[in-house]
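For reference, coords.cif (mmCIF, N, CA and C atoms):
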```
data_final
loop_
_atom_site.group_PDB
_atom_site.id
_atom_site.type_symbol
_atom_site.label_atom_id
_atom_site.label_comp_id
_atom_site.auth_asym_id
_atom_site.auth_seq_id
_atom_site.Cartn_x
_atom_site.Cartn_y
_atom_site.Cartn_z
ATOM 1 N N MET A 470 101.647 105.645 94.606
ATOM 2 C CA MET A 470 100.875 106.127 93.474
ATOM 3 C C MET A 470 100.386 104.975 92.607
ATOM 4 N N ALA A 471 101.249 104.005 92.381
ATOM 5 C CA ALA A 471 100.882 102.867 91.535
ATOM 6 C C ALA A 471 99.766 102.058 92.181
ATOM 7 N N VAL A 472 99.851 101.858 93.483
ATOM 8 C CA VAL A 472 98.819 101.080 94.183
ATOM 9 C C VAL A 472 97.474 101.781 94.078
ATOM 10 N N LEU A 473 97.452 103.086 94.295
ATOM 11 C CA LEU A 473 96.182 103.815 94.227
ATOM 12 C C LEU A 473 95.645 103.884 92.803
ATOM 13 N N SER A 474 96.516 103.964 91.819
ATOM 14 C CA SER A 474 96.072 103.953 90.419
ATOM 15 C C SER A 474 95.449 102.609 90.067
ATOM 16 N N LEU A 475 96.076 101.526 90.516
ATOM 17 C CA LEU A 475 95.518 100.194 90.259
ATOM 18 C C LEU A 475 94.207 99.998 91.013
ATOM 19 N N ALA A 476 94.114 100.543 92.216
ATOM 20 C CA ALA A 476 92.872 100.424 92.988
ATOM 21 C C ALA A 476 91.729 101.152 92.291
ATOM 22 N N ALA A 477 92.015 102.316 91.737
ATOM 23 C CA ALA A 477 90.990 103.097 91.043
ATOM 24 C C ALA A 477 90.501 102.375 89.797
ATOM 25 N N ALA A 478 91.368 101.581 89.190
ATOM 26 C CA ALA A 478 90.999 100.866 87.963
ATOM 27 C C ALA A 478 90.043 99.712 88.243
ATOM 28 N N GLU A 479 90.038 99.218 89.459
ATOM 29 C CA GLU A 479 89.183 98.086 89.849
ATOM 30 C C GLU A 479 89.366 96.893 88.913
ATOM 31 N N GLY A 480 90.599 96.619 88.565
ATOM 32 C CA GLY A 480 90.910 95.499 87.681
ATOM 33 C C GLY A 480 92.314 95.656 87.160
ATOM 34 N N GLU A 481 92.547 95.135 85.980
ATOM 35 C CA GLU A 481 93.866 95.197 85.382
ATOM 36 C C GLU A 481 94.089 96.504 84.624
ATOM 37 N N LEU A 482 95.348 96.916 84.616
ATOM 38 C CA LEU A 482 95.778 98.039 83.787
ATOM 39 C C LEU A 482 97.026 97.618 83.035
ATOM 40 N N ARG A 483 97.111 98.033 81.789
ATOM 41 C CA ARG A 483 98.328 97.810 81.022
ATOM 42 C C ARG A 483 99.392 98.774 81.511
ATOM 43 N N PHE A 484 100.636 98.405 81.276
ATOM 44 C CA PHE A 484 101.756 99.248 81.689
ATOM 45 C C PHE A 484 101.590 100.660 81.130
ATOM 46 N N THR A 485 101.233 100.746 79.844
ATOM 47 C CA THR A 485 101.101 102.067 79.214
ATOM 48 C C THR A 485 99.975 102.885 79.845
ATOM 49 N N GLU A 486 98.911 102.228 80.275
ATOM 50 C CA GLU A 486 97.812 102.935 80.943
ATOM 51 C C GLU A 486 98.261 103.458 82.299
ATOM 52 N N LEU A 487 99.001 102.633 83.026
ATOM 53 C CA LEU A 487 99.540 103.078 84.313
ATOM 54 C C LEU A 487 100.486 104.253 84.134
ATOM 55 N N LYS A 488 101.329 104.171 83.115
ATOM 56 C CA LYS A 488 102.289 105.251 82.835
ATOM 57 C C LYS A 488 101.551 106.556 82.567
ATOM 58 N N ARG A 489 100.458 106.474 81.824
ATOM 59 C CA ARG A 489 99.648 107.654 81.514
ATOM 60 C C ARG A 489 99.020 108.235 82.785
ATOM 61 N N GLU A 490 98.581 107.361 83.688
ATOM 62 C CA GLU A 490 97.971 107.801 84.953
ATOM 63 C C GLU A 490 98.974 108.504 85.865
ATOM 64 N N MET A 491 100.216 108.072 85.795
ATOM 65 C CA MET A 491 101.230 108.536 86.733
ATOM 66 C C MET A 491 102.150 109.547 86.069
ATOM 67 N N THR A 492 101.607 110.703 85.763
ATOM 68 C CA THR A 492 102.384 111.745 85.104
ATOM 69 C C THR A 492 103.583 112.141 85.968
ATOM 70 N N GLY A 493 104.697 112.355 85.311
ATOM 71 C CA GLY A 493 105.903 112.760 86.022
ATOM 72 C C GLY A 493 106.780 111.604 86.465
ATOM 73 N N VAL A 494 106.302 110.369 86.306
ATOM 74 C CA VAL A 494 107.084 109.195 86.692
ATOM 75 C C VAL A 494 107.709 108.609 85.423
ATOM 76 N N SER A 495 109.008 108.393 85.459
ATOM 77 C CA SER A 495 109.675 107.848 84.277
ATOM 78 C C SER A 495 109.293 106.387 84.072
ATOM 79 N N GLN A 496 109.464 105.931 82.848
ATOM 80 C CA GLN A 496 109.162 104.541 82.516
ATOM 81 C C GLN A 496 110.026 103.599 83.353
ATOM 82 N N LYS A 497 111.291 103.954 83.514
ATOM 83 C CA LYS A 497 112.216 103.130 84.304
ATOM 84 C C LYS A 497 111.774 103.045 85.763
ATOM 85 N N MET A 498 111.403 104.188 86.340
ATOM 86 C CA MET A 498 110.982 104.202 87.745
ATOM 87 C C MET A 498 109.690 103.402 87.937
ATOM 88 N N LEU A 499 108.764 103.533 86.996
ATOM 89 C CA LEU A 499 107.515 102.775 87.088
ATOM 90 C C LEU A 499 107.796 101.281 87.000
ATOM 91 N N ALA A 500 108.653 100.872 86.077
ATOM 92 C CA ALA A 500 108.987 99.456 85.932
ATOM 93 C C ALA A 500 109.639 98.921 87.216
ATOM 94 N N GLN A 501 110.546 99.686 87.808
ATOM 95 C CA GLN A 501 111.197 99.266 89.057
ATOM 96 C C GLN A 501 110.190 99.164 90.195
ATOM 97 N N THR A 502 109.282 100.138 90.258
ATOM 98 C CA THR A 502 108.270 100.143 91.314
ATOM 99 C C THR A 502 107.348 98.941 91.181
ATOM 100 N N LEU A 503 106.880 98.685 89.963
ATOM 101 C CA LEU A 503 105.986 97.547 89.745
ATOM 102 C C LEU A 503 106.681 96.228 90.051
ATOM 103 N N ARG A 504 107.948 96.136 89.691
ATOM 104 C CA ARG A 504 108.703 94.914 89.979
ATOM 105 C C ARG A 504 108.813 94.699 91.494
ATOM 106 N N ALA A 505 109.087 95.759 92.237
ATOM 107 C CA ALA A 505 109.186 95.660 93.696
ATOM 108 C C ALA A 505 107.835 95.287 94.311
ATOM 109 N N LEU A 506 106.765 95.892 93.803
ATOM 110 C CA LEU A 506 105.426 95.573 94.310
ATOM 111 C C LEU A 506 105.050 94.128 93.994
ATOM 112 N N GLU A 507 105.462 93.661 92.824
ATOM 113 C CA GLU A 507 105.206 92.266 92.451
ATOM 114 C C GLU A 507 106.001 91.329 93.366
ATOM 115 N N ARG A 508 107.240 91.669 93.615
ATOM 116 C CA ARG A 508 108.098 90.863 94.492
ATOM 117 C C ARG A 508 107.517 90.772 95.901
ATOM 118 N N ASP A 509 106.924 91.862 96.370
ATOM 119 C CA ASP A 509 106.330 91.903 97.707
ATOM 120 C C ASP A 509 104.966 91.212 97.770
ATOM 121 N N GLY A 510 104.445 90.834 96.608
ATOM 122 C CA GLY A 510 103.146 90.167 96.580
ATOM 123 C C GLY A 510 101.967 91.120 96.591
ATOM 124 N N LEU A 511 102.219 92.393 96.306
ATOM 125 C CA LEU A 511 101.150 93.395 96.312
ATOM 126 C C LEU A 511 100.504 93.556 94.943
ATOM 127 N N VAL A 512 101.240 93.207 93.898
ATOM 128 C CA VAL A 512 100.778 93.367 92.517
ATOM 129 C C VAL A 512 101.018 92.061 91.765
ATOM 130 N N ALA A 513 100.060 91.701 90.912
ATOM 131 C CA ALA A 513 100.225 90.546 90.032
ATOM 132 C C ALA A 513 100.420 91.041 88.610
ATOM 133 N N ARG A 514 101.251 90.337 87.874
ATOM 134 C CA ARG A 514 101.607 90.709 86.496
ATOM 135 C C ARG A 514 101.157 89.596 85.564
ATOM 136 N N ARG A 515 100.576 89.991 84.440
ATOM 137 C CA ARG A 515 100.147 89.029 83.425
ATOM 138 C C ARG A 515 100.636 89.517 82.070
ATOM 139 N N VAL A 516 101.280 88.630 81.324
ATOM 140 C CA VAL A 516 101.798 88.967 80.001
ATOM 141 C C VAL A 516 100.930 88.278 78.959
ATOM 142 N N GLU A 517 100.434 89.077 78.022
ATOM 143 C CA GLU A 517 99.639 88.562 76.916
ATOM 144 C C GLU A 517 100.550 88.422 75.701
ATOM 145 N N ALA A 518 100.585 87.209 75.161
ATOM 146 C CA ALA A 518 101.458 86.956 74.010
ATOM 147 C C ALA A 518 100.909 87.646 72.774
ATOM 148 N N SER A 519 101.546 88.708 72.393
ATOM 149 C CA SER A 519 101.207 89.459 71.179
ATOM 150 C C SER A 519 102.471 90.179 70.750
ATOM 151 N N LYS A 520 102.406 90.864 69.658
ATOM 152 C CA LYS A 520 103.571 91.626 69.188
ATOM 153 C C LYS A 520 103.208 93.091 69.101
ATOM 154 N N PRO A 521 103.745 93.967 69.933
ATOM 155 C CA PRO A 521 104.591 93.627 71.081
ATOM 156 C C PRO A 521 103.762 93.002 72.205
ATOM 157 N N PRO A 522 104.422 92.325 73.162
ATOM 158 C CA PRO A 522 103.679 91.709 74.272
ATOM 159 C C PRO A 522 102.957 92.778 75.086
ATOM 160 N N ARG A 523 101.771 92.441 75.544
ATOM 161 C CA ARG A 523 101.018 93.347 76.421
ATOM 162 C C ARG A 523 101.165 92.858 77.849
ATOM 163 N N VAL A 524 101.524 93.777 78.730
ATOM 164 C CA VAL A 524 101.731 93.439 80.135
ATOM 165 C C VAL A 524 100.658 94.131 80.962
ATOM 166 N N TYR A 525 99.980 93.358 81.789
ATOM 167 C CA TYR A 525 98.891 93.864 82.617
ATOM 168 C C TYR A 525 99.259 93.709 84.089
ATOM 169 N N TYR A 526 98.782 94.645 84.902
ATOM 170 C CA TYR A 526 99.018 94.609 86.342
ATOM 171 C C TYR A 526 97.690 94.780 87.070
ATOM 172 N N ARG A 527 97.594 94.127 88.218
ATOM 173 C CA ARG A 527 96.430 94.276 89.089
ATOM 174 C C ARG A 527 96.890 94.100 90.530
ATOM 175 N N LEU A 528 96.108 94.634 91.454
ATOM 176 C CA LEU A 528 96.415 94.434 92.868
ATOM 177 C C LEU A 528 96.060 93.012 93.273
ATOM 178 N N THR A 529 96.845 92.450 94.153
ATOM 179 C CA THR A 529 96.518 91.155 94.749
ATOM 180 C C THR A 529 95.629 91.415 95.965
ATOM 181 N N GLY A 530 95.188 90.352 96.604
ATOM 182 C CA GLY A 530 94.425 90.514 97.844
ATOM 183 C C GLY A 530 95.207 91.292 98.885
ATOM 184 N N LEU A 531 96.493 90.977 99.014
ATOM 185 C CA LEU A 531 97.349 91.707 99.954
ATOM 186 C C LEU A 531 97.471 93.167 99.547
ATOM 187 N N GLY A 532 97.602 93.415 98.245
ATOM 188 C CA GLY A 532 97.711 94.783 97.755
ATOM 189 C C GLY A 532 96.479 95.620 98.067
ATOM 190 N N THR A 533 95.311 95.007 98.000
ATOM 191 C CA THR A 533 94.089 95.761 98.288
ATOM 192 C C THR A 533 94.008 96.171 99.754
ATOM 193 N N THR A 534 94.684 95.427 100.647
ATOM 194 C CA THR A 534 94.669 95.814 102.064
ATOM 195 C C THR A 534 95.505 97.062 102.317
ATOM 196 N N LEU A 535 96.331 97.431 101.348
ATOM 197 C CA LEU A 535 97.174 98.623 101.481
ATOM 198 C C LEU A 535 96.461 99.904 101.037
ATOM 199 N N VAL A 536 95.362 99.770 100.317
ATOM 200 C CA VAL A 536 94.681 100.931 99.731
ATOM 201 C C VAL A 536 94.176 101.902 100.800
ATOM 202 N N ALA A 537 93.453 101.419 101.794
ATOM 203 C CA ALA A 537 92.894 102.312 102.825
ATOM 204 C C ALA A 537 93.990 103.064 103.592
ATOM 205 N N PRO A 538 95.050 102.388 104.065
ATOM 206 C CA PRO A 538 96.113 103.144 104.748
ATOM 207 C C PRO A 538 96.788 104.183 103.844
ATOM 208 N N LEU A 539 96.985 103.850 102.560
ATOM 209 C CA LEU A 539 97.593 104.822 101.648
ATOM 210 C C LEU A 539 96.685 106.026 101.419
ATOM 211 N N ARG A 540 95.387 105.775 101.317
ATOM 212 C CA ARG A 540 94.450 106.899 101.158
ATOM 213 C C ARG A 540 94.457 107.778 102.395
ATOM 214 N N SER A 541 94.549 107.174 103.566
ATOM 215 C CA SER A 541 94.622 107.953 104.811
ATOM 216 C C SER A 541 95.901 108.770 104.868
ATOM 217 N N LEU A 542 97.010 108.162 104.488
ATOM 218 C CA LEU A 542 98.291 108.875 104.478
ATOM 219 C C LEU A 542 98.256 110.039 103.496
ATOM 220 N N ARG A 543 97.675 109.811 102.345
ATOM 221 C CA ARG A 543 97.563 110.875 101.338
ATOM 222 C C ARG A 543 96.705 112.033 101.859
ATOM 223 N N ALA A 544 95.590 111.708 102.503
ATOM 224 C CA ALA A 544 94.717 112.745 103.069
ATOM 225 C C ALA A 544 95.449 113.530 104.153
ATOM 226 N N TRP A 545 96.200 112.821 105.009
ATOM 227 C CA TRP A 545 96.968 113.490 106.057
ATOM 228 C C TRP A 545 97.988 114.441 105.436
ATOM 229 N N ALA A 546 98.710 113.966 104.422
ATOM 230 C CA ALA A 546 99.740 114.791 103.780
ATOM 231 C C ALA A 546 99.125 116.035 103.145
ATOM 232 N N GLU A 547 98.002 115.863 102.478
ATOM 233 C CA GLU A 547 97.341 117.016 101.849
ATOM 234 C C GLU A 547 96.841 118.000 102.896
ATOM 235 N N GLN A 548 96.341 117.491 104.018
ATOM 236 C CA GLN A 548 95.835 118.358 105.088
ATOM 237 C C GLN A 548 96.955 119.158 105.743
ATOM 238 N N HIS A 549 98.141 118.581 105.842
ATOM 239 C CA HIS A 549 99.239 119.220 106.573
ATOM 240 C C HIS A 549 100.333 119.802 105.672
ATOM 241 N N MET A 550 100.130 119.764 104.367
ATOM 242 C CA MET A 550 101.163 120.199 103.432
ATOM 243 C C MET A 550 101.611 121.639 103.679
ATOM 244 N N ALA A 551 100.684 122.545 103.906
ATOM 245 C CA ALA A 551 101.036 123.955 104.105
ATOM 246 C C ALA A 551 101.876 124.139 105.375
ATOM 247 N N LEU A 552 101.513 123.458 106.446
ATOM 248 C CA LEU A 552 102.269 123.566 107.692
ATOM 249 C C LEU A 552 103.663 122.969 107.538
ATOM 250 N N ILE A 553 103.760 121.850 106.869
ATOM 251 C CA ILE A 553 105.067 121.227 106.647
ATOM 252 C C ILE A 553 105.951 122.153 105.820
ATOM 253 N N GLN A 554 105.398 122.751 104.771
ATOM 254 C CA GLN A 554 106.170 123.686 103.953
ATOM 255 C C GLN A 554 106.610 124.890 104.778
ATOM 256 N N HIS A 555 105.719 125.396 105.620
ATOM 257 C CA HIS A 555 106.058 126.515 106.504
ATOM 258 C C HIS A 555 107.226 126.128 107.421
ATOM 259 N N ASN A 556 107.165 124.942 108.017
ATOM 260 C CA ASN A 556 108.239 124.480 108.896
ATOM 261 C C ASN A 556 109.565 124.368 108.147
ATOM 262 N N CYS A 557 109.520 123.872 106.929
ATOM 263 C CA CYS A 557 110.736 123.770 106.103
ATOM 264 C C CYS A 557 111.305 125.151 105.817
ATOM 265 N N ASP A 558 110.426 126.087 105.463
ATOM 266 C CA ASP A 558 110.871 127.450 105.173
ATOM 267 C C ASP A 558 111.506 128.092 106.400
ATOM 268 N N MET A 559 110.897 127.900 107.573
ATOM 269 C CA MET A 559 111.434 128.464 108.811
ATOM 270 C C MET A 559 112.793 127.841 109.141
ATOM 271 N N PHE A 560 112.895 126.554 108.980
ATOM 272 C CA PHE A 560 114.149 125.853 109.247
ATOM 273 C C PHE A 560 115.249 126.357 108.321
ATOM 274 N N ASP A 561 114.931 126.468 107.044
ATOM 275 C CA ASP A 561 115.922 126.907 106.059
ATOM 276 C C ASP A 561 116.338 128.364 106.258
ATOM 277 N N ALA A 562 115.450 129.182 106.790
ATOM 278 C CA ALA A 562 115.732 130.601 106.970
ATOM 279 C C ALA A 562 116.459 130.899 108.283
ATOM 280 N N ALA A 563 116.530 129.931 109.177
ATOM 281 C CA ALA A 563 117.157 130.149 110.483
ATOM 282 C C ALA A 563 118.640 130.462 110.312
ATOM 283 N N ASP A 564 119.122 131.342 111.191
ATOM 284 C CA ASP A 564 120.541 131.712 111.168
ATOM 285 C C ASP A 564 121.335 130.563 111.772
ATOM 286 N N ARG A 565 122.173 129.927 110.988
ATOM 287 C CA ARG A 565 122.948 128.773 111.442
ATOM 288 C C ARG A 565 124.430 128.986 111.127
ATOM 289 N N PRO A 566 125.105 129.811 111.942
ATOM 290 C CA PRO A 566 126.516 130.110 111.655
ATOM 291 C C PRO A 566 127.414 128.879 111.689
ATOM 292 N N ASP A 567 127.120 127.920 112.562
ATOM 293 C CA ASP A 567 127.975 126.719 112.651
ATOM 294 C C ASP A 567 127.448 125.582 111.780
ATOM 295 N N GLY A 568 126.328 125.824 111.112
ATOM 296 C CA GLY A 568 125.748 124.814 110.247
ATOM 297 C C GLY A 568 124.920 123.785 110.997
ATOM 298 N N HIS A 569 124.793 123.936 112.312
ATOM 299 C CA HIS A 569 124.042 122.958 113.094
ATOM 300 C C HIS A 569 122.821 123.551 113.797
ATOM 301 N N GLY A 570 122.658 124.808 113.812
ATOM 302 C CA GLY A 570 121.495 125.392 114.462
ATOM 303 C C GLY A 570 121.791 126.043 115.695
#
```
Could you rewrite the structure in this file as structure tokens?
Amino acid sequence: MAVLSLAAAEGELRFTELKREMTGVSQKMLAQTLRALERDGLVARRVEASKPPRVYYRLTGLGTTLVAPLRSLRAWAEQHMALIQHNCDMFDAADRPDGHG
């Protein structure tokens, strides 16, 4: 989600802007995700000296190569979501007296 949000921005986003884009994601989870992406070289971080400090994130060249595969994965998931949910429902409803099927 963070990679696609940064890709849509076509530049830098402040942490607070990213947080706003990613509804349902906690501040802690977003910070951990961005740190991991930065460690992997997918995201670059820039701190602007102000009070409070402003932190900006952008995709690196390597990060931009991940955008197309993520968009494809997202499209696949959206296309197959109903079938996957149906399979989960069928699995959960199956009679499993021994707990193994």
_So that I can check the surroundings of segment 497-505 of chain A, please list as a list in words every protein, DNA and RNA residue that reaches within 8 Å of it, counting all atoms listed in the file and ignoring chain neighbours fewer than 3 positions away._
Ala471, Leu487, Lys488, Val494, Arg508, Asp509, Gly510, Leu511 and Val512 of chain A
*Enter the distance from atom CA of Glu490 of chain A to atom N of His555 of chain A, in Å, rounded to one decimal.*
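Distance reported for this atom pair: 28.2 Å.
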*May I have all residues of segment 485-556 of chain A that DSSP, computed from the backbone, assigns to alpha helix (DSSP H), given as a PyMOL selection string?*
chain A and resi 485-490+496-508+530-533+536-556
*For the structure shown, which residues end up in the PyMOL selection byres (((chain A and resi 529-545 and name CA) around 12) and name CA)? Put them as JSON, numbers by chain, please?*
{"A": [470, 471, 472, 473, 474, 475, 476, 477, 478, 479, 480, 481, 503, 506, 507, 508, 509, 510, 511, 512, 513, 514, 526, 527, 528, 546, 547, 548, 549, 550, 551, 552, 553]}
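For the pair atom C of Tyr525 of chain A and atom CA of Glu486 of chain A, the separation is 9.9 Å.
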